[in-house]
>>> print(open('model_30.txt').read())   # compact mmCIF, C-alpha atoms
# COMPACT_ATOMS: atom_id res chain seq x y z
CA MET A 16 -24.74 -22.41 -57.61
CA LYS A 17 -26.05 -24.07 -54.45
CA LYS A 18 -22.61 -25.57 -53.81
CA THR A 19 -21.00 -22.14 -54.29
CA VAL A 20 -23.37 -20.59 -51.74
CA LEU A 21 -22.60 -23.35 -49.26
CA VAL A 22 -18.86 -22.86 -49.74
CA LEU A 23 -19.22 -19.10 -49.25
CA MET A 24 -21.30 -19.65 -46.11
CA ALA A 25 -18.69 -22.05 -44.76
CA LEU A 26 -15.94 -19.55 -45.42
CA LEU A 27 -17.97 -16.81 -43.75
CA MET A 28 -18.58 -18.98 -40.67
CA ALA A 29 -14.89 -19.83 -40.46
CA GLY A 30 -14.03 -16.14 -40.70
CA LEU A 31 -16.46 -15.28 -37.93
CA ALA A 32 -15.03 -18.02 -35.76
CA LEU A 33 -11.53 -16.69 -36.35
CA VAL A 34 -12.60 -13.15 -35.47
CA SER A 35 -14.35 -14.45 -32.34
CA CYS A 36 -11.26 -16.40 -31.37
CA LYS A 37 -9.06 -13.32 -31.88
CA LYS A 38 -11.41 -11.23 -29.80
CA GLU A 39 -11.18 -13.78 -26.99
CA ILE A 40 -7.44 -13.89 -27.20
CA GLY A 41 -7.11 -10.12 -27.22
CA PRO A 42 -4.69 -7.72 -28.88
CA SER A 43 -1.62 -8.96 -27.06
CA GLY A 44 -2.27 -12.67 -27.19
CA ALA A 45 -4.45 -12.88 -24.15
CA ASN A 46 -4.36 -16.00 -22.04
CA SER A 47 -0.70 -16.24 -23.04
CA ALA A 48 0.47 -14.73 -19.73
CA PRO A 49 1.95 -17.57 -17.67
CA TYR A 50 0.84 -15.99 -14.39
CA HIS A 51 -0.96 -12.97 -12.94
CA ILE A 52 0.00 -10.42 -10.26
CA ALA A 53 -2.70 -8.43 -8.47
CA VAL A 54 -2.10 -4.92 -7.17
CA VAL A 55 -4.61 -3.46 -4.72
CA THR A 56 -4.46 0.29 -4.02
CA GLY A 57 -6.57 3.17 -2.81
CA THR A 58 -8.43 5.45 -5.19
CA VAL A 59 -7.24 8.75 -6.66
CA SER A 60 -8.94 10.72 -3.88
CA GLN A 61 -7.19 8.87 -1.05
CA SER A 62 -3.82 7.79 -2.45
CA GLU A 63 -3.25 8.76 -6.07
CA ASP A 64 0.45 7.94 -6.10
CA ASP A 65 -0.19 4.35 -5.04
CA LEU A 66 -2.67 3.97 -7.90
CA ARG A 67 -0.28 5.51 -10.45
CA GLY A 68 2.35 2.95 -9.46
CA ALA A 69 -0.08 0.18 -10.34
CA GLU A 70 -0.76 1.89 -13.66
CA GLU A 71 2.99 1.94 -14.37
CA LEU A 72 3.09 -1.84 -13.92
CA ILE A 73 0.17 -2.16 -16.34
CA ARG A 74 2.03 0.06 -18.81
CA ARG A 75 5.05 -2.23 -18.61
CA TYR A 76 3.43 -5.63 -18.35
CA GLY A 77 -0.15 -5.22 -19.55
CA LYS A 78 -3.46 -5.81 -17.82
CA VAL A 79 -4.95 -9.25 -17.32
CA THR A 80 -8.06 -8.47 -19.37
CA GLU A 81 -5.83 -7.77 -22.37
CA GLY A 82 -3.52 -10.74 -21.98
CA GLY A 83 -1.05 -9.10 -19.62
CA ILE A 84 0.15 -9.90 -16.13
CA ILE A 85 -1.28 -7.15 -13.90
CA GLN A 86 -4.74 -7.05 -12.33
CA HIS A 87 -5.45 -3.78 -10.52
CA ILE A 88 -8.34 -3.15 -8.15
CA THR A 89 -9.04 -0.39 -5.61
CA TYR A 90 -10.34 -0.69 -2.07
CA PRO A 91 -13.13 1.59 -0.73
CA ASP A 92 -12.35 5.18 0.29
CA ASN A 93 -14.25 4.56 3.51
CA PHE A 94 -12.19 1.47 4.23
CA MET A 95 -12.49 1.64 8.02
CA GLU A 96 -16.23 0.98 7.81
CA GLN A 97 -15.91 -1.44 4.91
CA GLN A 98 -13.17 -3.78 6.07
CA GLU A 99 -15.15 -6.84 5.08
CA VAL A 100 -15.37 -5.46 1.54
CA THR A 101 -11.59 -5.11 1.45
CA ILE A 102 -11.11 -8.62 2.81
CA THR A 103 -13.52 -10.05 0.24
CA GLN A 104 -11.76 -8.19 -2.57
CA ILE A 105 -8.38 -9.59 -1.57
CA VAL A 106 -9.62 -13.13 -1.09
CA SER A 107 -11.50 -13.17 -4.42
CA LEU A 108 -8.20 -12.61 -6.23
CA ALA A 109 -7.17 -16.12 -5.21
CA ASP A 110 -9.99 -17.54 -7.36
CA ASP A 111 -7.85 -16.82 -10.43
CA PRO A 112 -5.83 -20.03 -11.00
CA LYS A 113 -3.03 -18.00 -12.61
CA MET A 114 -2.71 -15.61 -9.66
CA LYS A 115 0.80 -15.93 -8.20
CA ALA A 116 1.20 -12.73 -6.16
CA ILE A 117 -0.97 -10.12 -4.45
CA VAL A 118 0.40 -6.67 -3.57
CA VAL A 119 -1.62 -4.36 -1.31
CA ASN A 120 -0.42 -0.76 -1.03
CA GLN A 121 -1.33 0.78 1.31
CA ALA A 122 -2.06 -2.28 3.41
CA ILE A 123 -5.09 -0.87 5.22
CA PRO A 124 -6.89 -2.62 8.11
CA GLY A 125 -8.30 -5.89 6.83
CA THR A 126 -5.26 -6.71 4.71
CA SER A 127 -3.82 -9.20 7.21
CA GLU A 128 -7.11 -11.04 7.51
CA GLY A 129 -7.46 -11.07 3.73
CA PHE A 130 -3.93 -12.47 3.40
CA LYS A 131 -4.63 -15.19 5.99
CA ARG A 132 -7.72 -16.34 4.09
CA VAL A 133 -5.83 -16.30 0.80
CA ARG A 134 -3.08 -18.42 2.33
CA GLU A 135 -5.66 -20.96 3.49
CA LYS A 136 -6.97 -21.27 -0.08
CA ARG A 137 -3.79 -20.73 -2.07
CA PRO A 138 -0.53 -21.12 -0.12
CA ASP A 139 1.37 -20.74 -3.42
CA ILE A 140 0.47 -17.04 -3.77
CA LEU A 141 3.08 -14.48 -2.69
CA LEU A 142 1.63 -11.82 -0.37
CA LEU A 143 3.29 -8.39 -0.24
CA ALA A 144 2.19 -5.40 1.84
CA GLY A 145 3.18 -1.79 1.32
CA GLU A 146 2.88 0.75 4.16
CA ALA A 147 0.80 -1.38 6.51
CA HIS A 148 -1.76 0.41 8.68
CA GLU A 149 -1.87 -2.60 10.99
CA ASP A 150 0.60 -3.23 13.81
CA PRO A 151 3.93 -4.69 12.68
CA LEU A 152 3.52 -8.08 14.37
CA VAL A 153 0.07 -8.44 12.80
CA ILE A 154 1.18 -7.79 9.21
CA GLN A 155 4.38 -9.79 9.72
CA GLY A 156 2.26 -12.79 10.66
CA ALA A 157 0.30 -12.61 7.41
CA ALA A 158 2.57 -11.30 4.64
CA ASP A 159 5.60 -12.81 2.95
CA LEU A 160 7.07 -9.30 2.87
CA ALA A 161 5.93 -5.98 4.30
CA ILE A 162 7.62 -2.65 3.71
CA ALA A 163 7.05 0.70 5.37
CA ALA A 164 8.56 4.13 5.25
CA ASP A 165 11.12 4.00 8.03
CA PHE A 166 9.00 5.48 10.78
CA ILE A 167 11.78 5.08 13.33
CA SER A 168 14.65 6.68 11.40
CA ARG A 169 12.34 9.30 9.85
CA GLY A 170 11.03 10.21 13.29
CA TYR A 171 14.52 11.60 13.81
CA THR A 172 15.58 12.63 10.28
CA ILE A 173 12.46 14.72 9.55
CA ILE A 174 13.11 16.75 12.69
CA TRP A 175 16.81 16.97 11.77
CA ALA A 176 15.83 18.25 8.31
CA ALA A 177 13.39 20.78 9.79
CA LYS A 178 16.23 22.16 11.89
CA GLN A 179 18.42 22.47 8.78
CA LEU A 180 15.69 24.64 7.24
CA GLY A 181 15.70 26.91 10.28
CA ALA A 182 12.48 25.71 11.93
CA ASP A 183 11.98 26.43 15.61
CA THR A 184 8.67 24.57 16.00
CA PHE A 185 7.33 21.29 14.63
CA VAL A 186 3.55 20.93 14.29
CA HIS A 187 2.31 17.33 13.98
CA ILE A 188 -1.25 16.97 12.63
CA SER A 189 -3.16 13.70 13.03
CA PHE A 190 -6.19 11.99 14.60
CA PRO A 191 -6.88 9.10 17.03
CA ARG A 192 -7.16 6.30 14.44
CA HIS A 193 -3.70 7.00 13.06
CA MET A 194 -2.21 7.45 16.51
CA SER A 195 -3.50 3.99 17.45
CA TYR A 196 -1.23 2.47 14.79
CA GLU A 197 2.11 1.44 16.27
CA THR A 198 4.05 2.71 13.25
CA LEU A 199 2.53 6.20 13.30
CA GLY A 200 2.18 6.48 17.05
CA LEU A 201 5.78 5.46 17.72
CA ARG A 202 7.06 7.86 15.07
CA ARG A 203 5.17 10.68 16.77
CA GLN A 204 6.84 9.76 20.08
CA ILE A 205 10.27 9.69 18.42
CA MET A 206 9.61 13.08 16.80
CA GLU A 207 8.73 14.54 20.18
CA VAL A 208 11.99 13.26 21.71
CA ALA A 209 13.99 14.42 18.65
CA CYS A 210 12.49 17.92 18.96
CA LYS A 211 13.59 18.07 22.58
CA ASP A 212 17.08 16.85 21.71
CA LEU A 213 17.52 19.16 18.71
CA GLY A 214 16.00 22.25 20.28
CA LEU A 215 12.58 22.53 18.55
CA LYS A 216 9.20 22.97 20.18
CA PHE A 217 6.88 20.02 19.48
CA VAL A 218 3.14 20.67 19.03
CA PHE A 219 0.45 18.05 18.40
CA VAL A 220 -2.87 19.13 16.87
CA THR A 221 -5.90 17.01 16.00
CA ALA A 222 -7.77 17.19 12.68
CA PRO A 223 -10.80 15.23 11.40
CA ASP A 224 -10.26 11.71 10.08
CA PRO A 225 -11.14 11.62 6.34
CA THR A 226 -12.72 8.18 6.84
CA SER A 227 -15.15 9.59 9.44
CA ASP A 228 -18.59 11.06 8.80
CA VAL A 229 -17.14 14.36 7.55
CA GLY A 230 -15.42 12.52 4.68
CA VAL A 231 -12.44 13.69 2.66
CA ALA A 232 -14.06 17.02 1.73
CA GLY A 233 -14.88 17.91 5.32
CA ALA A 234 -11.42 16.97 6.57
CA GLN A 235 -9.76 19.04 3.86
CA GLN A 236 -11.97 22.04 4.58
CA TYR A 237 -10.94 21.91 8.22
CA ILE A 238 -7.25 22.03 7.26
CA LEU A 239 -7.90 24.98 4.92
CA GLU A 240 -9.60 26.91 7.70
CA GLN A 241 -7.24 26.02 10.54
CA THR A 242 -3.81 26.35 8.90
CA PRO A 243 -3.77 30.19 8.80
CA GLN A 244 -4.64 30.18 12.52
CA TRP A 245 -1.89 27.64 13.27
CA ILE A 246 0.64 29.79 11.41
CA GLN A 247 -0.45 32.84 13.34
CA GLN A 248 -0.14 30.89 16.58
CA TYR A 249 3.15 29.06 15.96
CA GLY A 250 4.89 31.39 13.51
CA LYS A 251 6.27 31.18 9.98
CA ASN A 252 9.30 29.25 11.19
CA ALA A 253 7.12 26.34 12.21
CA ALA A 254 7.46 23.15 10.12
CA PHE A 255 4.19 21.28 9.58
CA PHE A 256 3.61 17.57 9.13
CA CYS A 257 0.42 15.52 8.70
CA THR A 258 -0.09 11.77 8.79
CA ASN A 259 -2.89 11.62 6.20
CA ASP A 260 -2.59 11.98 2.42
CA ALA A 261 -5.90 13.81 2.05
CA HIS A 262 -4.75 16.51 4.50
CA THR A 263 -1.55 17.17 2.57
CA GLU A 264 -2.89 19.22 -0.35
CA PRO A 265 -4.87 21.80 1.68
CA LEU A 266 -2.01 22.06 4.19
CA LEU A 267 0.52 22.80 1.43
CA LYS A 268 -1.84 25.27 -0.22
CA GLN A 269 -2.19 27.31 2.95
CA LEU A 270 1.48 27.08 3.94
CA LEU A 271 2.48 28.44 0.53
CA THR A 272 -0.03 31.26 0.98
CA TYR A 273 0.46 32.21 4.62
CA GLY A 274 3.95 30.98 5.51
CA GLY A 275 5.39 28.02 7.39
CA MET A 276 7.61 25.13 6.33
CA PHE A 277 7.08 21.61 5.04
CA VAL A 278 9.92 19.05 5.08
CA GLU A 279 8.22 16.09 3.42
CA ALA A 280 4.92 14.27 3.42
CA ASP A 281 4.04 11.20 5.44
CA LEU A 282 4.41 9.26 2.17
CA PRO A 283 6.64 11.67 0.25
CA SER A 284 6.33 12.51 -3.43
CA PRO A 285 6.40 15.58 -5.68
CA LEU A 286 2.88 14.43 -6.60
CA MET A 287 1.72 14.26 -2.99
CA GLY A 288 -0.36 17.39 -2.50
CA TYR A 289 1.81 19.75 -4.55
CA PRO A 290 -0.01 19.69 -7.93
CA GLY A 291 -3.39 20.51 -6.40
CA ALA A 292 -1.97 23.03 -3.96
CA LEU A 293 -0.08 24.80 -6.74
CA GLY A 294 -2.77 24.46 -9.40
CA ILE A 295 -0.46 22.88 -11.97
CA ASP A 296 -1.29 20.34 -14.67
CA LEU A 297 1.15 17.45 -14.90
CA THR A 298 -0.65 15.44 -17.56
CA ALA A 299 2.15 15.87 -20.07
CA GLU A 300 4.76 14.83 -17.48
CA ALA A 301 2.89 11.74 -16.22
CA GLY A 302 5.32 9.05 -15.10
CA ASP A 303 8.38 11.23 -15.73
CA PHE A 304 9.45 12.15 -12.20
CA PRO A 305 12.45 14.33 -13.12
CA ALA A 306 10.08 16.39 -15.31
CA ILE A 307 7.41 16.38 -12.59
CA LEU A 308 9.93 17.53 -9.99
CA LYS A 309 11.17 20.33 -12.24
CA LYS A 310 7.67 21.66 -12.87
CA VAL A 311 6.64 21.44 -9.21
CA GLU A 312 9.89 23.09 -8.18
CA ALA A 313 9.34 26.06 -10.50
CA ALA A 314 5.86 26.59 -9.05
CA VAL A 315 7.04 26.28 -5.43
CA VAL A 316 9.81 28.82 -6.00
CA ALA A 317 7.39 31.17 -7.82
CA GLN A 318 5.17 31.16 -4.73
CA GLY A 319 8.03 31.97 -2.37
CA GLY A 320 8.64 28.47 -1.05
CA SER A 321 12.37 28.34 -1.81
CA LYS A 322 14.39 26.57 0.92
CA ARG A 323 11.22 26.07 2.97
CA PHE A 324 9.52 23.13 1.21
CA GLY A 325 10.68 19.63 0.48
CA THR A 326 9.75 16.15 -0.72
CA TRP A 327 11.31 12.96 -1.99
CA ALA A 328 12.40 13.34 -5.61
CA PHE A 329 10.44 10.22 -6.46
CA SER A 330 7.08 9.18 -5.09
CA TYR A 331 7.17 6.70 -2.23
CA GLY A 332 3.59 5.55 -2.85
CA PHE A 333 4.22 5.15 -6.58
CA THR A 334 7.49 3.32 -5.98
CA ALA A 335 6.03 1.03 -3.33
CA SER A 336 3.23 -0.16 -5.65
CA ALA A 337 5.45 -0.50 -8.70
CA GLY A 338 8.50 -1.79 -6.82
CA LEU A 339 6.64 -4.50 -4.92
CA GLY A 340 4.95 -5.60 -8.13
CA GLU A 341 8.33 -5.69 -9.86
CA LEU A 342 9.86 -7.66 -6.99
CA ALA A 343 7.00 -10.17 -7.11
CA LYS A 344 7.57 -10.66 -10.83
CA ARG A 345 11.31 -11.17 -10.34
CA VAL A 346 10.70 -13.69 -7.55
CA ILE A 347 8.20 -15.61 -9.67
CA ASP A 348 10.67 -15.56 -12.58
CA GLY A 349 13.43 -16.88 -10.33
CA LYS A 350 15.49 -13.67 -10.61
CA ALA A 351 15.11 -12.49 -6.99
CA LYS A 352 14.40 -13.78 -3.50
CA ILE A 353 11.60 -12.45 -1.36
CA ASP A 354 13.81 -12.39 1.76
CA ASN A 355 16.80 -10.56 0.21
CA PRO A 356 16.75 -6.80 1.01
CA ALA A 357 19.18 -6.13 -1.86
CA ASP A 358 16.63 -7.55 -4.30
CA LEU A 359 13.95 -5.30 -2.77
CA TYR A 360 16.13 -2.19 -3.12
CA ALA A 361 16.96 -3.15 -6.70
CA ALA A 362 13.26 -3.51 -7.57
CA LEU A 363 12.45 -0.14 -5.97
CA GLY A 364 15.45 1.42 -7.71
CA GLU A 365 14.00 0.39 -11.06
CA PHE A 366 11.59 3.30 -10.60
CA THR A 367 13.91 5.82 -8.88
CA PRO A 368 17.06 6.14 -11.01
CA GLY A 369 19.84 7.94 -9.17
CA ALA A 370 18.06 8.19 -5.81
CA LYS A 371 19.64 6.85 -2.63
CA TRP A 372 17.72 4.39 -0.46
CA ASN A 373 18.49 3.28 3.06
CA GLY A 374 16.68 1.08 5.52
CA GLY A 375 16.76 -2.02 7.65
CA ALA A 376 14.71 -4.70 9.31
CA TYR A 377 11.96 -3.62 11.68
CA ILE A 378 13.12 -4.01 15.28
CA ASP A 379 10.52 -4.67 17.96
CA ALA A 380 11.22 -2.15 20.72
CA ASN A 381 9.80 -4.48 23.39
CA THR A 382 11.84 -7.56 22.49
CA GLY A 383 14.73 -6.23 20.40
CA ILE A 384 13.98 -8.89 17.79
CA ARG A 385 14.59 -8.00 14.14
CA ALA A 386 11.77 -8.92 11.78
CA LYS A 387 12.61 -11.33 8.99
CA ASN A 388 9.90 -10.10 6.65
CA GLN A 389 9.38 -6.38 7.33
CA ILE A 390 11.81 -3.83 5.91
CA LEU A 391 11.74 -0.12 6.76
CA ILE A 392 12.98 2.14 3.96
CA TYR A 393 13.66 5.82 3.26
CA MET A 394 15.53 8.10 0.86
CA ASP A 395 17.17 11.52 0.91
CA THR A 396 15.01 14.62 1.36
CA TYR A 397 14.92 17.00 -1.59
CA ILE A 398 14.54 20.71 -0.70
CA PHE A 399 13.31 23.09 -3.41
CA PRO A 400 15.19 24.27 -5.37
CA GLY A 401 17.88 21.74 -6.23
CA THR A 402 19.15 20.66 -2.81
CA TYR A 403 19.39 17.14 -1.42
CA LEU A 404 19.74 16.92 2.34
CA PRO A 405 21.90 13.85 3.18
CA THR A 406 19.28 12.27 5.41
CA THR A 407 20.27 8.71 4.45
CA GLU A 408 23.81 9.46 5.67
CA GLN A 409 22.74 10.58 9.13
CA THR A 410 23.47 8.31 12.05
CA VAL A 411 20.27 7.96 14.02
CA PRO A 412 21.21 7.69 17.71
CA GLU A 413 20.56 4.24 19.11
CA LYS A 414 18.31 5.66 21.84
CA TYR A 415 15.55 6.26 19.28
CA TYR A 416 15.36 2.55 18.47
CA GLN A 417 14.84 1.80 22.15
CA ILE A 418 11.75 4.01 22.56
CA THR A 419 8.76 1.84 23.41
CA TYR A 420 5.41 2.52 21.78
CA GLN A 421 2.80 3.87 24.16
CA LYS A 422 -0.67 3.48 22.68
CA GLN A 423 -2.59 6.76 22.75
>>> encode(input="model_30.txt", output="structure tokens")
Amino acid sequence: MKKTVLVLMALLMAGLALVSCKKEIGPSGANSAPYHIAVVTGTVSQSEDDLRGAEELIRRYGKVTEGGIIQHITYPDNFMEQQEVTITQIVSLADDPKMKAIVVNQAIPGTSEGFKRVREKRPDILLLAGEAHEDPLVIQGAADLAIAADFISRGYTIIWAAKQLGADTFVHISFPRHMSYETLGLRRQIMEVACKDLGLKFVFVTAPDPTSDVGVAGAQQYILEQTPQWIQQYGKNAAFFCTNDAHTEPLLKQLLTYGGMFVEADLPSPLMGYPGALGIDLTAEAGDFPAILKKVEAAVVAQGGSKRFGTWAFSYGFTASAGLGELAKRVIDGKAKIDNPADLYAALGEFTPGAKWNGGAYIDANTGIRAKNQILIYMDTYIFPGTYLPTTEQTVPEKYYQITYQKQ
């Protein structure tokens, strides 16, 4: 009897050990992933699309805590005052011995410093930056690859598209912090020249920075209150544009209510501002951009926005997070090269079936030198309902590439 009890106890202990082992390993064979890729994005309140792109990578490749490849973290909403937090977050990722790539989208201030410190600790880790907020030469000096929406070409094509919609005025909404960034400040200058060349009036208006003391809520309230006055002042044939994601939803909401036009967002997407502005639930369509576009389109048309509102058919922020993560994986697996633009476009295209991309190396306006590790990208503008403007087929006059950035 005593021997039987001992045998049963031994079996029970073995069973518990097995269960414990399985719990450690996880449902998908945790610790079996040969390497890890980190994706750092903003939160839902600041840049939801970027975050959803990271979630798509987790859906495909699993999260690190469950034996997968992807580790996702978010940087602070108030990132301008918490740069050291962002830097620490990025650097801490290098403590994982399996970490082989870090993607930051959007690459807010502090990203370059974080990358430099990671490189000092772990030179084997690939460093990729999406939509850098820091000056091009700064991010180029820290990242293996940086991508950005083509702020030079789009400085012209957005104005060209506004003219196709019948706009006579272009209202550019921003604030000093954004205008101090070379990418955003130079685009504003190009837009102003393009308006003059194409016969539109250019207007610049200032709105509160969501990272300031007023916060996101205060900045959005300002847009809600001011947009009807702007429309009254500049007319319903004015096209509006803002440089900040948090401003987009209240701007769209008021434009749909009071009039005005909207070509595409700073970081375009059918998810950028439209769901909240239109009051539509896209839970059932999550991740299915053709379905998302169809539902958003129906709501835009129902509110009288036909031929006056546009976007990219697929989310830029979503695609940048997911595409850079995909590219990193392909490079690590030996199926792509970090310095091959065709491999970048292929990785982005994984998440935008049927959409046309265009782009090219960043060219420094002061030196004329083409960057080896920063690619500017854009795709065709989609106008509700059902119309693609051939923006990627437009020839941007060479003069726009020669405009020199003048810091505001």
>>> closest_residue(input="model_30.txt", among="A:Val231, A:Ile52, A:Val153, A:Ala182", to="Gly340 (chain A)", atoms="all atoms listed in the file")
A:Ile52
>>> closest_residue(input="model_30.txt", among="A:Leu282, A:Ala234, A:Val59, A:Val54", to="Ile85 (chain A)", atoms="all atoms listed in the file")
A:Val54
>>> atom_distance(input="model_30.txt", atom1="CA of Phe277 (chain A)", atom2="CA of Phe190 (chain A)")
19.0 Å
>>> closest_residue(input="model_30.txt", among="A:Arg67, A:Lys113, A:Arg202, A:Lys322", to="Ala164 (chain A)", atoms="only C-alpha atoms")
A:Arg202
>>> residues_around(input="model_30.txt", residues="region 69-75 of chain A", least_positions_apart="6", cutoff="10 Å", atoms="only C-alpha atoms", output="list in words")
Ile52, Ala53, Val54, Val55, Thr56, Gly83, Ile84, Ile85, Gln86, His87, Ile88, Val118, Asn120, Ala301, Gly302, Gly332, Phe333, Thr334, Ala335, Ser336, Ala337, Gly338, Leu339, Gly340, Glu341 and Phe366 of chain A
>>> closest_atom_pairs(input="model_30.txt", of="region 47-163 of chain A", to="region 344-352 of chain A", cutoff="9 Å", atoms="all atoms listed in the file", output="CSV")
residue,atom,partner,partner_atom,distance
A:Tyr50,CA,A:Ile347,CA,8.8
A:Ile52,CA,A:Lys344,CA,7.6
A:Lys115,CA,A:Ile347,CA,7.6
A:Ala116,CA,A:Lys344,CA,8.2
A:Leu141,CA,A:Ile347,CA,8.7
>>> atom_distance(input="model_30.txt", atom1="CA of Leu271 (chain A)", atom2="CA of Pro243 (chain A)")
10.5 Å
>>> closest_residue(input="model_30.txt", among="A:Gly364, A:Gly230, A:Pro225, A:Gly250", to="Tyr331 (chain A)", atoms="all atoms listed in the file")
A:Gly364
>>> residues_around(input="model_30.txt", residues="Ala380 (chain A)", least_positions_apart="2", cutoff="12 Å", atoms="only C-alpha atoms", output="PyMOL selection string")
chain A and resi 151-152+167+197-198+201+377-378+382-386+413-421
>>> atom_distance(input="model_30.txt", atom1="CA of Leu215 (chain A)", atom2="CA of Ala177 (chain A)")
9.0 Å
>>> residues_around(input="model_30.txt", residues="Gln318 (chain A)", least_positions_apart="2", cutoff="8 Å", atoms="all atoms listed in the file", output="PDB file with C-alpha atoms, in the frame of the given file")
ATOM      1  CA  LEU A 271       2.480  28.440   0.530  1.00  0.00           C
ATOM      2  CA  THR A 272      -0.030  31.260   0.980  1.00  0.00           C
ATOM      3  CA  ALA A 314       5.860  26.590  -9.050  1.00  0.00           C
ATOM      4  CA  VAL A 315       7.040  26.280  -5.430  1.00  0.00           C
ATOM      5  CA  VAL A 316       9.810  28.820  -6.000  1.00  0.00           C
ATOM      6  CA  GLY A 320       8.640  28.470  -1.050  1.00  0.00           C
TER       7      GLY A 320
END
>>> closest_residue(input="model_30.txt", among="A:Pro412, A:Pro112, A:Pro49, A:Pro265", to="Pro290 (chain A)", atoms="only C-alpha atoms")
A:Pro265
>>> closest_residue(input="model_30.txt", among="A:Pro368, A:Ser47, A:Tyr403, A:Cys257", to="Met194 (chain A)", atoms="all atoms listed in the file")
A:Cys257
>>> residues_around(input="model_30.txt", residues="Leu391 (chain A)", least_positions_apart="5", cutoff="7 Å", atoms="all atoms listed in the file", output="list of chain:residue names")
A:Ile162, A:Ala163, A:Ala164, A:Asp165, A:Gly374, A:Gly375, A:Ala376, A:Tyr377
>>> residues_near_point(input="model_30.txt", point="(-4.9, -1.4, 8.4)", cutoff="9 Å", atoms="only C-alpha atoms", output="list in words")
Phe94, Met95, Gln98, Gln121, Ala122, Ile123, Pro124, Gly125, Thr126, Ser127, Ala147, His148, Glu149, Asp150, Ile154 and Tyr196 of chain A
>>> residues_around(input="model_30.txt", residues="Leu286 (chain A)", least_positions_apart="6", cutoff="8 Å", atoms="only C-alpha atoms", output="PyMOL selection string")
chain A and resi 64+307+330
